[in-house]
>>> print(open('work.cif').read())   # mmCIF, C-alpha atoms and all ligand atoms
data_my_file
loop_
_atom_site.label_atom_id
_atom_site.label_comp_id
_atom_site.auth_asym_id
_atom_site.auth_seq_id
_atom_site.Cartn_x
_atom_site.Cartn_y
_atom_site.Cartn_z
CA MET A 1 0.00 0.00 0.00
CA SER A 2 1.21 3.47 -0.80
CA GLU A 3 1.81 5.70 2.25
CA ARG A 4 2.10 9.48 2.56
CA ILE A 5 5.12 9.98 4.79
CA LEU A 6 5.93 13.33 6.33
CA ILE A 7 9.65 13.60 7.13
CA THR A 8 11.09 16.28 9.39
CA GLY A 9 14.80 16.96 8.84
CA GLY A 10 14.63 15.40 5.37
CA ALA A 11 17.35 17.67 4.01
CA GLY A 12 19.88 16.40 6.57
CA PHE A 13 22.32 13.51 6.34
CA ILE A 14 20.05 10.62 7.39
CA GLY A 15 16.76 12.25 6.39
CA SER A 16 17.94 12.74 2.81
CA ALA A 17 19.00 9.07 2.64
CA VAL A 18 15.49 8.10 3.78
CA VAL A 19 13.92 10.39 1.15
CA ARG A 20 16.19 9.05 -1.62
CA HIS A 21 15.28 5.50 -0.56
CA LEU A 22 11.53 6.20 -0.41
CA ILE A 23 11.42 7.99 -3.76
CA GLY A 24 13.84 5.61 -5.49
CA GLN A 25 12.74 2.23 -4.08
CA THR A 26 9.12 2.50 -2.88
CA PRO A 27 5.76 3.80 -4.15
CA HIS A 28 5.30 6.10 -1.12
CA GLU A 29 4.73 9.87 -1.26
CA VAL A 30 7.04 12.11 0.74
CA ALA A 31 6.74 15.59 2.22
CA VAL A 32 9.96 16.99 3.68
CA LEU A 33 9.63 19.57 6.47
CA ASP A 34 12.97 21.23 7.07
CA LYS A 35 14.21 24.57 8.38
CA LEU A 36 17.39 24.29 6.31
CA THR A 37 19.81 25.12 9.09
CA TYR A 38 23.52 24.89 8.22
CA ALA A 39 23.02 21.06 8.24
CA GLY A 40 20.19 21.03 5.71
CA ASN A 41 21.29 20.73 2.10
CA LEU A 42 18.82 20.67 -0.79
CA GLU A 43 21.59 19.37 -3.06
CA SER A 44 21.38 16.07 -1.14
CA LEU A 45 17.82 15.73 -2.44
CA SER A 46 18.49 16.48 -6.10
CA SER A 47 17.63 12.92 -7.17
CA ALA A 48 14.17 13.21 -5.54
CA VAL A 49 12.99 16.71 -6.36
CA ASP A 50 11.63 15.97 -9.82
CA SER A 51 9.40 13.18 -8.58
CA PRO A 52 5.66 13.96 -8.44
CA ARG A 53 5.70 11.98 -5.17
CA TYR A 54 7.97 14.56 -3.46
CA ARG A 55 7.18 17.93 -1.91
CA PHE A 56 9.07 20.30 0.36
CA TYR A 57 8.09 22.72 3.13
CA GLN A 58 10.77 25.04 4.43
CA MET A 59 9.73 25.53 8.04
CA ASP A 60 10.76 25.27 11.67
CA ILE A 61 9.25 22.38 13.65
CA CYS A 62 8.74 24.87 16.51
CA ASP A 63 6.28 26.82 14.29
CA VAL A 64 2.84 25.47 15.21
CA SER A 65 0.86 27.11 12.42
CA ALA A 66 3.31 26.03 9.70
CA LEU A 67 3.14 22.48 11.05
CA GLU A 68 -0.65 22.49 11.04
CA LYS A 69 -0.75 23.79 7.49
CA ALA A 70 1.64 21.05 6.30
CA PHE A 71 -0.37 18.31 8.08
CA ALA A 72 -3.65 19.63 6.68
CA GLU A 73 -2.32 19.88 3.10
CA PHE A 74 -0.34 16.66 2.92
CA ARG A 75 -2.58 14.48 5.14
CA PRO A 76 0.20 12.04 6.10
CA THR A 77 -0.38 8.40 6.95
CA ALA A 78 2.89 8.48 8.94
CA ALA A 79 5.40 10.99 10.30
CA MET A 80 9.13 10.30 10.62
CA HIS A 81 10.84 12.77 12.93
CA LEU A 82 14.52 13.32 12.13
CA ALA A 83 14.83 17.11 12.48
CA ALA A 84 17.36 17.85 15.19
CA GLU A 85 20.50 19.67 16.08
CA SER A 86 22.87 16.72 15.86
CA HIS A 87 26.50 17.69 16.45
CA VAL A 88 27.86 16.97 19.96
CA ASP A 89 30.66 19.58 19.79
CA ARG A 90 28.18 22.30 18.84
CA SER A 91 25.96 21.26 21.76
CA ILE A 92 28.89 21.80 24.13
CA ASP A 93 29.67 25.25 22.68
CA GLY A 94 26.02 26.38 22.56
CA PRO A 95 23.27 24.12 23.94
CA ALA A 96 20.35 26.55 23.39
CA ASP A 97 19.48 25.45 19.84
CA PHE A 98 19.56 21.81 21.00
CA ILE A 99 17.04 22.49 23.76
CA GLN A 100 14.86 24.48 21.36
CA THR A 101 14.78 22.12 18.37
CA ASN A 102 15.27 18.74 20.02
CA ILE A 103 13.00 19.25 23.03
CA VAL A 104 10.61 22.15 22.28
CA GLY A 105 10.48 21.21 18.58
CA THR A 106 9.66 17.57 19.37
CA TYR A 107 6.97 18.67 21.82
CA THR A 108 5.48 21.03 19.21
CA LEU A 109 5.50 18.31 16.56
CA LEU A 110 3.94 15.79 18.97
CA GLU A 111 1.11 18.17 19.74
CA ALA A 112 0.51 18.99 16.06
CA SER A 113 0.55 15.24 15.29
CA ARG A 114 -1.83 14.49 18.14
CA ARG A 115 -4.33 17.13 16.98
CA TYR A 116 -4.13 15.87 13.40
CA TRP A 117 -4.35 12.20 14.42
CA SER A 118 -7.30 12.72 16.78
CA GLY A 119 -9.23 14.38 13.95
CA LEU A 120 -8.75 11.45 11.55
CA PRO A 121 -11.54 8.97 10.80
CA GLU A 122 -11.14 5.84 12.94
CA ASP A 123 -9.62 3.58 10.26
CA GLU A 124 -7.03 6.22 9.30
CA ALA A 125 -6.25 7.05 12.95
CA SER A 126 -5.60 3.41 13.77
CA ALA A 127 -3.19 3.12 10.84
CA PHE A 128 -1.28 6.37 11.63
CA ARG A 129 2.34 6.13 12.90
CA PHE A 130 4.62 8.69 14.57
CA HIS A 131 8.21 7.43 14.27
CA HIS A 132 10.82 9.22 16.38
CA ILE A 133 14.42 8.76 15.24
CA SER A 134 16.99 8.87 18.02
CA THR A 135 20.50 7.92 18.97
CA ASP A 136 22.31 5.31 21.07
CA GLU A 137 24.03 8.20 22.87
CA VAL A 138 20.97 8.48 25.18
CA TYR A 139 22.20 5.31 26.95
CA GLY A 140 25.48 6.93 28.01
CA ASP A 141 28.90 5.37 28.37
CA LEU A 142 29.74 1.63 28.36
CA GLU A 143 33.33 2.15 29.48
CA GLY A 144 34.93 -0.80 31.21
CA THR A 145 32.26 -3.38 30.33
CA ASP A 146 31.51 -5.77 27.46
CA ALA A 147 27.81 -4.89 27.68
CA LEU A 148 25.69 -3.84 24.71
CA PHE A 149 22.85 -1.30 24.73
CA THR A 150 19.47 -3.03 24.56
CA GLU A 151 16.06 -1.42 24.29
CA THR A 152 15.72 -1.59 28.09
CA THR A 153 19.11 -0.10 29.02
CA PRO A 154 18.48 2.83 31.41
CA TYR A 155 19.13 6.30 30.01
CA ALA A 156 22.29 8.10 31.17
CA PRO A 157 23.11 10.80 28.59
CA SER A 158 26.41 12.67 28.94
CA SER A 159 26.35 15.63 26.53
CA PRO A 160 23.83 18.44 25.99
CA TYR A 161 23.07 16.77 22.63
CA SER A 162 22.35 13.32 24.07
CA ALA A 163 20.44 14.81 27.03
CA SER A 164 18.21 16.75 24.62
CA LYS A 165 17.60 13.60 22.55
CA ALA A 166 16.86 11.60 25.73
CA SER A 167 14.30 14.26 26.71
CA SER A 168 12.65 14.01 23.31
CA ASP A 169 12.50 10.19 23.54
CA HIS A 170 10.75 10.48 26.92
CA LEU A 171 8.25 12.99 25.53
CA VAL A 172 7.42 10.67 22.62
CA ARG A 173 6.83 7.69 24.93
CA ALA A 174 4.72 9.85 27.27
CA TRP A 175 2.53 10.94 24.33
CA HIS A 176 1.95 7.24 23.61
CA ARG A 177 1.15 6.25 27.18
CA THR A 178 -0.90 9.33 28.05
CA TYR A 179 -2.69 10.17 24.82
CA GLY A 180 -2.42 6.90 22.90
CA LEU A 181 -0.50 8.49 20.00
CA PRO A 182 0.74 5.51 17.94
CA VAL A 183 4.51 5.99 18.26
CA LEU A 184 7.63 4.02 17.40
CA VAL A 185 11.13 4.93 18.62
CA THR A 186 14.44 3.87 17.12
CA ASN A 187 17.88 4.42 18.66
CA CYS A 188 20.75 4.03 16.25
CA SER A 189 24.52 3.97 16.40
CA ASN A 190 26.89 6.33 14.52
CA ASN A 191 26.05 6.64 10.83
CA TYR A 192 28.47 7.26 8.00
CA GLY A 193 28.19 7.44 4.22
CA PRO A 194 27.53 9.82 1.31
CA TYR A 195 26.23 13.41 1.83
CA HIS A 196 27.61 13.58 5.40
CA PHE A 197 28.27 17.13 6.58
CA PRO A 198 32.05 17.63 6.84
CA GLU A 199 32.04 18.49 10.57
CA LYS A 200 31.52 14.79 11.44
CA LEU A 201 34.49 12.44 12.02
CA ILE A 202 34.61 10.42 8.80
CA PRO A 203 33.98 13.17 6.19
CA HIS A 204 36.13 15.61 8.19
CA MET A 205 39.05 13.19 8.03
CA ILE A 206 38.57 12.42 4.33
CA LEU A 207 38.36 16.07 3.29
CA ASN A 208 41.24 17.20 5.49
CA ALA A 209 43.41 14.42 4.07
CA LEU A 210 42.51 15.33 0.50
CA SER A 211 43.56 18.92 1.11
CA GLY A 212 46.75 18.03 3.00
CA LYS A 213 45.47 19.34 6.34
CA SER A 214 46.01 17.62 9.67
CA MET A 215 43.59 14.84 10.67
CA PRO A 216 42.73 15.71 14.30
CA VAL A 217 41.82 12.77 16.56
CA TYR A 218 40.39 13.45 20.03
CA GLY A 219 42.48 12.27 23.03
CA ASP A 220 44.33 9.03 22.29
CA GLY A 221 41.70 7.91 19.75
CA SER A 222 40.73 4.86 21.79
CA GLN A 223 37.02 5.79 22.09
CA VAL A 224 34.88 3.02 20.64
CA ARG A 225 31.86 3.68 18.41
CA ASP A 226 29.47 1.29 16.69
CA TRP A 227 29.10 2.22 12.98
CA LEU A 228 26.28 1.80 10.48
CA TYR A 229 26.20 2.72 6.79
CA VAL A 230 23.53 5.40 6.32
CA GLU A 231 21.65 3.54 3.58
CA ASP A 232 21.34 0.50 5.86
CA HIS A 233 19.87 2.85 8.49
CA ALA A 234 17.44 4.36 5.97
CA ARG A 235 16.17 0.87 5.03
CA ALA A 236 15.77 -0.02 8.70
CA LEU A 237 13.76 3.13 9.37
CA VAL A 238 11.37 2.42 6.51
CA GLU A 239 10.91 -1.16 7.80
CA VAL A 240 10.11 0.18 11.27
CA VAL A 241 7.66 2.88 10.18
CA THR A 242 5.79 0.54 7.86
CA ARG A 243 5.99 -2.78 9.78
CA GLY A 244 7.14 -2.08 13.34
CA ARG A 245 4.91 -2.69 16.35
CA VAL A 246 3.34 0.47 17.76
CA GLY A 247 4.66 1.49 21.17
CA GLU A 248 7.93 -0.39 20.64
CA THR A 249 11.54 0.75 20.59
CA TYR A 250 14.05 -0.78 18.17
CA ASN A 251 17.82 -0.40 18.52
CA ILE A 252 19.60 -0.21 15.17
CA GLY A 253 23.29 -0.89 14.65
CA GLY A 254 25.80 -2.65 12.47
CA HIS A 255 27.63 -4.79 15.08
CA ILE A 256 30.75 -2.88 14.07
CA GLU A 257 32.69 -1.62 17.06
CA LYS A 258 35.77 0.37 16.12
CA ARG A 259 38.18 2.64 17.96
CA ASN A 260 38.26 6.12 16.41
CA ILE A 261 41.96 5.80 15.67
CA ASP A 262 41.34 2.53 13.81
CA VAL A 263 38.65 4.22 11.70
CA VAL A 264 41.10 6.98 10.78
CA GLU A 265 43.84 4.45 9.98
CA LEU A 266 41.42 2.51 7.75
CA LEU A 267 40.51 5.73 5.95
CA CYS A 268 44.19 6.50 5.38
CA GLY A 269 44.65 3.04 3.84
CA LEU A 270 41.67 3.49 1.53
CA LEU A 271 42.84 6.95 0.50
CA GLU A 272 46.31 5.60 -0.33
CA GLU A 273 44.62 3.11 -2.64
CA LEU A 274 41.86 5.29 -4.14
CA ALA A 275 43.55 8.71 -4.19
CA PRO A 276 47.27 7.96 -4.55
CA ALA A 277 48.04 11.43 -6.01
CA LYS A 278 48.47 13.24 -2.71
CA PRO A 279 48.51 17.00 -2.01
CA ALA A 280 51.93 18.66 -2.26
CA GLY A 281 54.15 17.93 0.73
CA VAL A 282 52.17 14.85 1.88
CA ASP A 283 54.14 11.61 1.59
CA ALA A 284 51.62 9.37 3.41
CA TYR A 285 48.10 10.25 4.55
CA ARG A 286 48.67 8.72 7.98
CA ASN A 287 51.41 11.26 8.65
CA LEU A 288 48.61 13.86 8.78
CA ILE A 289 47.08 12.25 11.92
CA THR A 290 47.43 14.45 15.01
CA PHE A 291 46.07 13.94 18.52
CA VAL A 292 44.19 16.88 20.04
CA LYS A 293 42.73 17.67 23.47
CA ASP A 294 39.77 15.39 24.19
CA ARG A 295 36.15 16.61 24.11
CA PRO A 296 34.81 17.32 27.65
CA GLY A 297 32.59 14.50 28.96
CA HIS A 298 33.55 12.30 26.00
CA ASP A 299 31.90 8.85 26.27
CA ARG A 300 34.42 6.03 25.89
CA ARG A 301 32.33 3.27 24.34
CA TYR A 302 28.97 2.75 22.63
CA ALA A 303 27.77 -0.63 21.34
CA ILE A 304 24.34 -1.66 20.13
CA ASP A 305 22.47 -4.94 20.43
CA ALA A 306 20.34 -4.86 17.27
CA THR A 307 18.90 -8.37 17.57
CA LYS A 308 15.31 -7.20 18.17
CA ILE A 309 14.93 -5.48 14.79
CA GLU A 310 16.76 -8.37 13.11
CA ARG A 311 14.48 -10.95 14.70
CA GLU A 312 11.16 -9.10 14.40
CA LEU A 313 11.52 -7.31 11.08
CA GLY A 314 14.20 -9.36 9.34
CA TRP A 315 16.37 -6.29 8.81
CA PHE A 316 20.14 -6.77 8.57
CA PRO A 317 22.85 -4.37 7.43
CA GLN A 318 24.01 -5.04 3.87
CA GLU A 319 27.37 -3.29 4.18
CA THR A 320 30.39 -4.42 6.15
CA PHE A 321 32.52 -1.61 7.56
CA GLU A 322 35.11 -2.24 4.84
CA SER A 323 32.55 -2.11 1.98
CA GLY A 324 30.67 0.87 3.42
CA LEU A 325 33.84 2.86 4.08
CA ARG A 326 35.09 2.11 0.58
CA LYS A 327 31.78 3.32 -0.90
CA THR A 328 31.99 6.45 1.26
CA VAL A 329 35.54 7.38 0.27
CA THR A 330 34.71 6.70 -3.39
CA TRP A 331 31.60 8.91 -3.12
CA TYR A 332 33.61 11.84 -1.71
CA LEU A 333 36.20 11.42 -4.47
CA GLU A 334 33.52 11.35 -7.18
CA ASN A 335 31.35 14.14 -5.75
CA ARG A 336 33.81 16.96 -5.16
CA GLY A 337 31.20 19.49 -6.34
CA TRP A 338 28.85 18.57 -3.45
CA TRP A 339 31.39 19.02 -0.67
CA GLU A 340 33.25 21.94 -2.26
CA ARG A 341 29.94 23.84 -2.29
CA VAL A 342 29.43 22.89 1.36
CA LEU A 343 32.92 24.04 2.35
CA SER A 344 32.57 27.33 0.43
CA GLY A 345 29.05 27.93 1.81
CA GLU A 346 27.59 28.02 -1.73
CA TYR A 347 25.10 25.24 -0.88
CA ARG A 348 23.21 27.78 1.20
CA LEU A 349 22.40 29.80 -1.93
CA ALA A 350 20.19 26.94 -3.16
CA ARG A 351 18.40 27.17 0.17
CA LEU A 352 17.78 30.91 -0.22
CA GLY A 353 16.55 30.43 -3.78
CA HIS A 354 14.17 27.79 -2.51
CA ALA A 355 12.85 30.04 0.25
CA GLU A 356 12.09 32.79 -2.26
CA GLU A 357 10.12 30.39 -4.44
CA ASN A 358 7.89 29.38 -1.54
P1 LIG A 401 21.66 16.43 10.41
O1 LIG A 401 22.21 17.44 11.36
O2 LIG A 401 22.47 16.03 9.24
O3 LIG A 401 20.25 16.94 9.84
C1 LIG A 401 19.29 17.56 10.65
C2 LIG A 401 18.24 18.18 9.72
O4 LIG A 401 17.24 18.79 10.56
C3 LIG A 401 18.79 19.29 8.82
O5 LIG A 401 18.28 19.14 7.51
C4 LIG A 401 18.28 20.57 9.47
O6 LIG A 401 18.08 21.62 8.53
C5 LIG A 401 16.96 20.10 10.08
N1 LIG A 401 16.54 20.92 11.22
C6 LIG A 401 17.29 21.30 12.29
N2 LIG A 401 16.54 22.06 13.12
C7 LIG A 401 15.31 22.14 12.59
C8 LIG A 401 14.10 22.77 12.98
N3 LIG A 401 14.03 23.48 14.11
N4 LIG A 401 13.00 22.64 12.19
C9 LIG A 401 13.06 21.92 11.04
N5 LIG A 401 14.19 21.32 10.59
C10 LIG A 401 15.29 21.42 11.38
O7 LIG A 401 21.27 15.17 11.31
P2 LIG A 401 21.38 13.63 10.95
O8 LIG A 401 22.74 13.17 11.21
O9 LIG A 401 20.75 13.40 9.63
O10 LIG A 401 20.43 13.02 12.09
C11 LIG A 401 19.03 12.91 11.89
C12 LIG A 401 18.41 12.36 13.16
O11 LIG A 401 18.97 11.09 13.44
C13 LIG A 401 18.64 13.22 14.39
O12 LIG A 401 17.47 13.23 15.15
C14 LIG A 401 19.77 12.53 15.11
O13 LIG A 401 19.67 12.74 16.50
C15 LIG A 401 19.50 11.08 14.76
N6 LIG A 401 20.69 10.20 14.73
C16 LIG A 401 21.81 10.57 14.05
C17 LIG A 401 22.90 9.69 13.99
C18 LIG A 401 24.15 10.01 13.21
O14 LIG A 401 25.12 9.27 13.28
N7 LIG A 401 24.17 11.07 12.41
C19 LIG A 401 22.82 8.47 14.65
C20 LIG A 401 21.65 8.13 15.32
C21 LIG A 401 20.59 9.00 15.34
#
>>> encode(input="work.cif", output="structure tokens")
Amino acid sequence: MSERILITGGAGFIGSAVVRHLIGQTPHEVAVLDKLTYAGNLESLSSAVDSPRYRFYQMDICDVSALEKAFAEFRPTAAMHLAAESHVDRSIDGPADFIQTNIVGTYTLLEASRRYWSGLPEDEASAFRFHHISTDEVYGDLEGTDALFTETTPYAPSSPYSASKASSDHLVRAWHRTYGLPVLVTNCSNNYGPYHFPEKLIPHMILNALSGKSMPVYGDGSQVRDWLYVEDHARALVEVVTRGRVGETYNIGGHIEKRNIDVVELLCGLLEELAPAKPAGVDAYRNLITFVKDRPGHDRRYAIDATKIERELGWFPQETFESGLRKTVTWYLENRGWWERVLSGEYRLARLGHAEEN
């Protein structure tokens, strides 16, 4: 059956992968609601924009009347909530936007969804889904244990980012328990892949290496993260929103635990192979690695137990870390135009042009 899926944050890294997947691989209609902050990039949606099944609303999820207008016009059968401030370092430097978008924005969206859902005819209301997309960082730090995060691991967020996401997860579950809103929650590990904004570890390292700049690794680089290729995440999210059990939480991860330094070393190896013509003065990419002062409050280890989604929905990652990282490096080498326009700030012109049209 064809769904009408409203996607907040659809111009971001993961949201755009979900939109590309939905438009490219499914019959569903999509409406993207996105403020186009620095992290929103319409050029990541270029393969979807010509589809008659795609539409775009430039708006803030904290804007109640804009939300109500979008719900009334599009009449979604499901909402996927990805809009967020997502960068931990930015949350440490300035938490205010994280509180506003991640907590107040989620509350505003929940209320708009609840009003819309409670006005639906019974058969449509019982089919409606509100899917909240969250992070494994809400569970805190696994340092010193072999444990994995499960869906029942108690929350213990460490950063302003993860605390704001934890708050939003609690709000979503409360709206289910108190008002009966049909919600689903997913908590996923670190994503990587094409169209990733260059402030994040993997693209930052690739682009610095390609321009002969230092590759800065926090602390001693021994922090462990669990990695998932973004297109595997996008497929998982579509499985959950269309087939997941209402009221449930699903952890999503790739069973790939890596130390940050090992990720950077792997990238250097791939770059040696795929981009052997190095910038002037660089004899080996790994000589660009430098260790810098650690992030305050930095969690040491995250690791996800993803067996519930595997067992219940039959979802498994298709990429290994080696294959996904290779695809990622290749994508950055073949799509210089995308990231050069991000680095120069030119990608924001497309956003302004879009705003004027609407
Ligand atoms: P991103 O920063 O790349 O994209 C966020 C998007 O939200 C952008 O398009 C931005 O313009 C939009 N946005 C921000 N504030 C908004 C507002 N007030 N109103 C409307 N739109 C707004 O983030 P991402 O990496 O794609 O993450 C998407 C979601 O997945 C987030 O909720 C994040 O917490 C979660 N998540 C991310 C990862 C990861 O590794 N990136 C892992 C697990 C979960």
>>> atom_distance(input="work.cif", atom1="atom CA of A:Ile202", atom2="atom C17 of ligand LIG 401 (chain A)")
12.8 Å
>>> residues_around(input="work.cif", residues="stretch 97-99 of chain A", least_positions_apart="2", cutoff="8 Å", atoms="all atoms listed in the file", output="PyMOL selection string")
chain A and resi 84-86+91+94-95+101-104+160-161+164
>>> residues_around(input="work.cif", residues="A:Ala78", least_positions_apart="3", cutoff="9 Å", atoms="all atoms listed in the file", output="VMD selection string")
chain A and resid 3 to 7 75 127 to 131 241 to 242
>>> residues_around(input="work.cif", residues="stretch 343-350 of chain A", least_positions_apart="5", cutoff="10 Å", atoms="all atoms listed in the file", output="ChimeraX atom specification")
/A:36-44,197-199,207,337-338,355
>>> closest_atom_pairs(input="work.cif", of="chain A", to="ligand LIG 401 (chain A)", cutoff="8 Å", atoms="only C-alpha atoms and all ligand atoms", output="CSV")
residue,atom,partner,partner_atom,distance
A:Thr8,CA,A:LIG401,N5,6.0
A:Gly9,CA,A:LIG401,O4,3.5
A:Gly10,CA,A:LIG401,O5,5.6
A:Ala11,CA,A:LIG401,O5,3.9
A:Gly12,CA,A:LIG401,O5,3.3
A:Phe13,CA,A:LIG401,O9,3.6
A:Ile14,CA,A:LIG401,O9,3.6
A:Gly15,CA,A:LIG401,O9,5.3
A:Ser16,CA,A:LIG401,O9,7.4
A:Leu33,CA,A:LIG401,C9,6.2
A:Asp34,CA,A:LIG401,N5,3.7
A:Lys35,CA,A:LIG401,C9,3.9
A:Leu36,CA,A:LIG401,O6,3.5
A:Thr37,CA,A:LIG401,O6,3.9
A:Tyr38,CA,A:LIG401,O6,6.4
A:Ala39,CA,A:LIG401,C3,4.6
A:Gly40,CA,A:LIG401,O5,3.2
A:Asn41,CA,A:LIG401,O5,6.4
A:Gln58,CA,A:LIG401,C9,7.7
A:Met59,CA,A:LIG401,C9,5.8
A:Asp60,CA,A:LIG401,N4,3.5
A:Ile61,CA,A:LIG401,N4,4.0
A:Cys62,CA,A:LIG401,N3,6.0
A:His81,CA,A:LIG401,O12,7.0
A:Leu82,CA,A:LIG401,C12,4.1
A:Ala83,CA,A:LIG401,O4,3.5
A:Ala84,CA,A:LIG401,C6,4.5
A:Glu85,CA,A:LIG401,C6,5.2
A:Ser86,CA,A:LIG401,O1,4.6
A:His87,CA,A:LIG401,O1,6.7
A:Gln100,CA,A:LIG401,N3,7.4
A:Thr101,CA,A:LIG401,N3,4.5
A:Asn102,CA,A:LIG401,O12,7.7
A:Gly105,CA,A:LIG401,N3,6.1
A:His132,CA,A:LIG401,O12,7.9
A:Ile133,CA,A:LIG401,O12,5.4
A:Ser134,CA,A:LIG401,C21,4.5
A:Thr135,CA,A:LIG401,C21,3.8
A:Asp136,CA,A:LIG401,C20,6.4
A:Glu137,CA,A:LIG401,C20,7.9
A:Lys165,CA,A:LIG401,O13,6.5
A:Asn187,CA,A:LIG401,C20,6.3
A:Cys188,CA,A:LIG401,C20,4.3
A:Ser189,CA,A:LIG401,C19,5.1
A:Asn190,CA,A:LIG401,O14,3.6
A:Asn191,CA,A:LIG401,O14,3.7
A:Tyr192,CA,A:LIG401,O14,6.6
A:His196,CA,A:LIG401,O2,6.9
A:Phe197,CA,A:LIG401,O2,6.5
>>> residues_near_point(input="work.cif", point="(42.3, 3.3, 14.6)", cutoff="10 Å", atoms="all atoms listed in the file", output="ChimeraX atom specification")
/A:217,220-224,258-268
>>> write_last_selection(input="work.cif", atoms="C-alpha atoms", output="short mmCIF file (atom, residue, chain, number, x, y, z; two decimals), in the coordinates of the input")
data_model
loop_
_atom_site.label_atom_id
_atom_site.label_comp_id
_atom_site.auth_asym_id
_atom_site.auth_seq_id
_atom_site.Cartn_x
_atom_site.Cartn_y
_atom_site.Cartn_z
CA VAL A 217 41.82 12.77 16.56
CA ASP A 220 44.33 9.03 22.29
CA GLY A 221 41.70 7.91 19.75
CA SER A 222 40.73 4.86 21.79
CA GLN A 223 37.02 5.79 22.09
CA VAL A 224 34.88 3.02 20.64
CA LYS A 258 35.77 0.37 16.12
CA ARG A 259 38.18 2.64 17.96
CA ASN A 260 38.26 6.12 16.41
CA ILE A 261 41.96 5.80 15.67
CA ASP A 262 41.34 2.53 13.81
CA VAL A 263 38.65 4.22 11.70
CA VAL A 264 41.10 6.98 10.78
CA GLU A 265 43.84 4.45 9.98
CA LEU A 266 41.42 2.51 7.75
CA LEU A 267 40.51 5.73 5.95
CA CYS A 268 44.19 6.50 5.38
#
>>> closest_residue(input="work.cif", among="A:Glu334, A:Leu288, A:Ala234, A:Gly119", to="A:Met80", atoms="all atoms listed in the file")
A:Ala234
>>> atom_distance(input="work.cif", atom1="atom CA of A:Glu68", atom2="atom CA of A:Arg114")
10.8 Å
>>> residues_near_point(input="work.cif", point="(26.9, 7.4, 5.0)", cutoff="9 Å", atoms="all atoms listed in the file", output="count of residues only")
18
>>> atom_distance(input="work.cif", atom1="atom CA of A:Ile23", atom2="atom CA of A:Arg243")
18.1 Å
>>> residues_around(input="work.cif", residues="A:Ile309", least_positions_apart="5", cutoff="10 Å", atoms="all atoms listed in the file", output="list in words")
Thr186, Ala236, Glu239, Val240, Gly244, Thr249, Tyr250, Asn251, Ile252, Gly253, Gly314, Trp315 and Phe316 of chain A
>>> residues_around(input="work.cif", residues="A:Thr290", least_positions_apart="4", cutoff="9 Å", atoms="all atoms listed in the file", output="MDAnalysis selection string")
chainID A and resid 214:218
>>> closest_residue(input="work.cif", among="A:Glu248, A:Asp146, A:Tyr285, A:Lys293", to="A:Lys308", atoms="all atoms listed in the file")
A:Glu248
>>> closest_residue(input="work.cif", among="A:Leu148, A:Ala112, A:Val342, A:Leu333", to="A:Thr307", atoms="all atoms listed in the file")
A:Leu148
>>> axis_aligned_box(input="work.cif", around="stretch 71-81 of chain A", padding_each_side="6 Å", output="lines of an AutoDock Vina configuration file")
center_x = 3.6
center_y = 14.1
center_z = 7.9
size_x = 26.5
size_y = 23.5
size_z = 22.0
>>> closest_residue(input="work.cif", among="A:Asp299, A:Val329, A:Glu73, A:Thr106", to="A:Ala156", atoms="only C-alpha atoms")
A:Asp299
>>> closest_residue(input="work.cif", among="A:Ser113, A:Gln25, A:Ser46, A:Ser159", to="A:Leu181", atoms="all atoms listed in the file")
A:Ser113
>>> closest_residue(input="work.cif", among="A:Thr330, A:Ser126, A:Ser65, A:Thr26", to="A:Val238", atoms="all atoms listed in the file")
A:Thr26
>>> build_atoms(input="work.cif", residues="stretch 230-238 of chain A", atoms="N, CA and C atoms", output="short mmCIF file (atom, residue, chain, number, x, y, z; two decimals), in the coordinates of the input")
data_model
loop_
_atom_site.label_atom_id
_atom_site.label_comp_id
_atom_site.auth_asym_id
_atom_site.auth_seq_id
_atom_site.Cartn_x
_atom_site.Cartn_y
_atom_site.Cartn_z
N VAL A 230 24.78 4.63 6.25
CA VAL A 230 23.53 5.40 6.32
C VAL A 230 22.40 4.77 5.50
N GLU A 231 22.73 4.13 4.39
CA GLU A 231 21.65 3.54 3.58
C GLU A 231 21.05 2.30 4.26
N ASP A 232 21.88 1.60 5.05
CA ASP A 232 21.34 0.50 5.86
C ASP A 232 20.38 1.07 6.91
N HIS A 233 20.75 2.22 7.50
CA HIS A 233 19.87 2.85 8.49
C HIS A 233 18.56 3.27 7.83
N ALA A 234 18.64 3.89 6.65
CA ALA A 234 17.44 4.36 5.97
C ALA A 234 16.48 3.19 5.70
N ARG A 235 17.03 2.05 5.27
CA ARG A 235 16.17 0.87 5.03
C ARG A 235 15.53 0.40 6.32
N ALA A 236 16.31 0.41 7.40
CA ALA A 236 15.77 -0.02 8.70
C ALA A 236 14.62 0.89 9.13
N LEU A 237 14.79 2.19 8.94
CA LEU A 237 13.76 3.13 9.37
C LEU A 237 12.46 2.92 8.60
N VAL A 238 12.58 2.64 7.32
CA VAL A 238 11.37 2.42 6.51
C VAL A 238 10.69 1.11 6.93
#
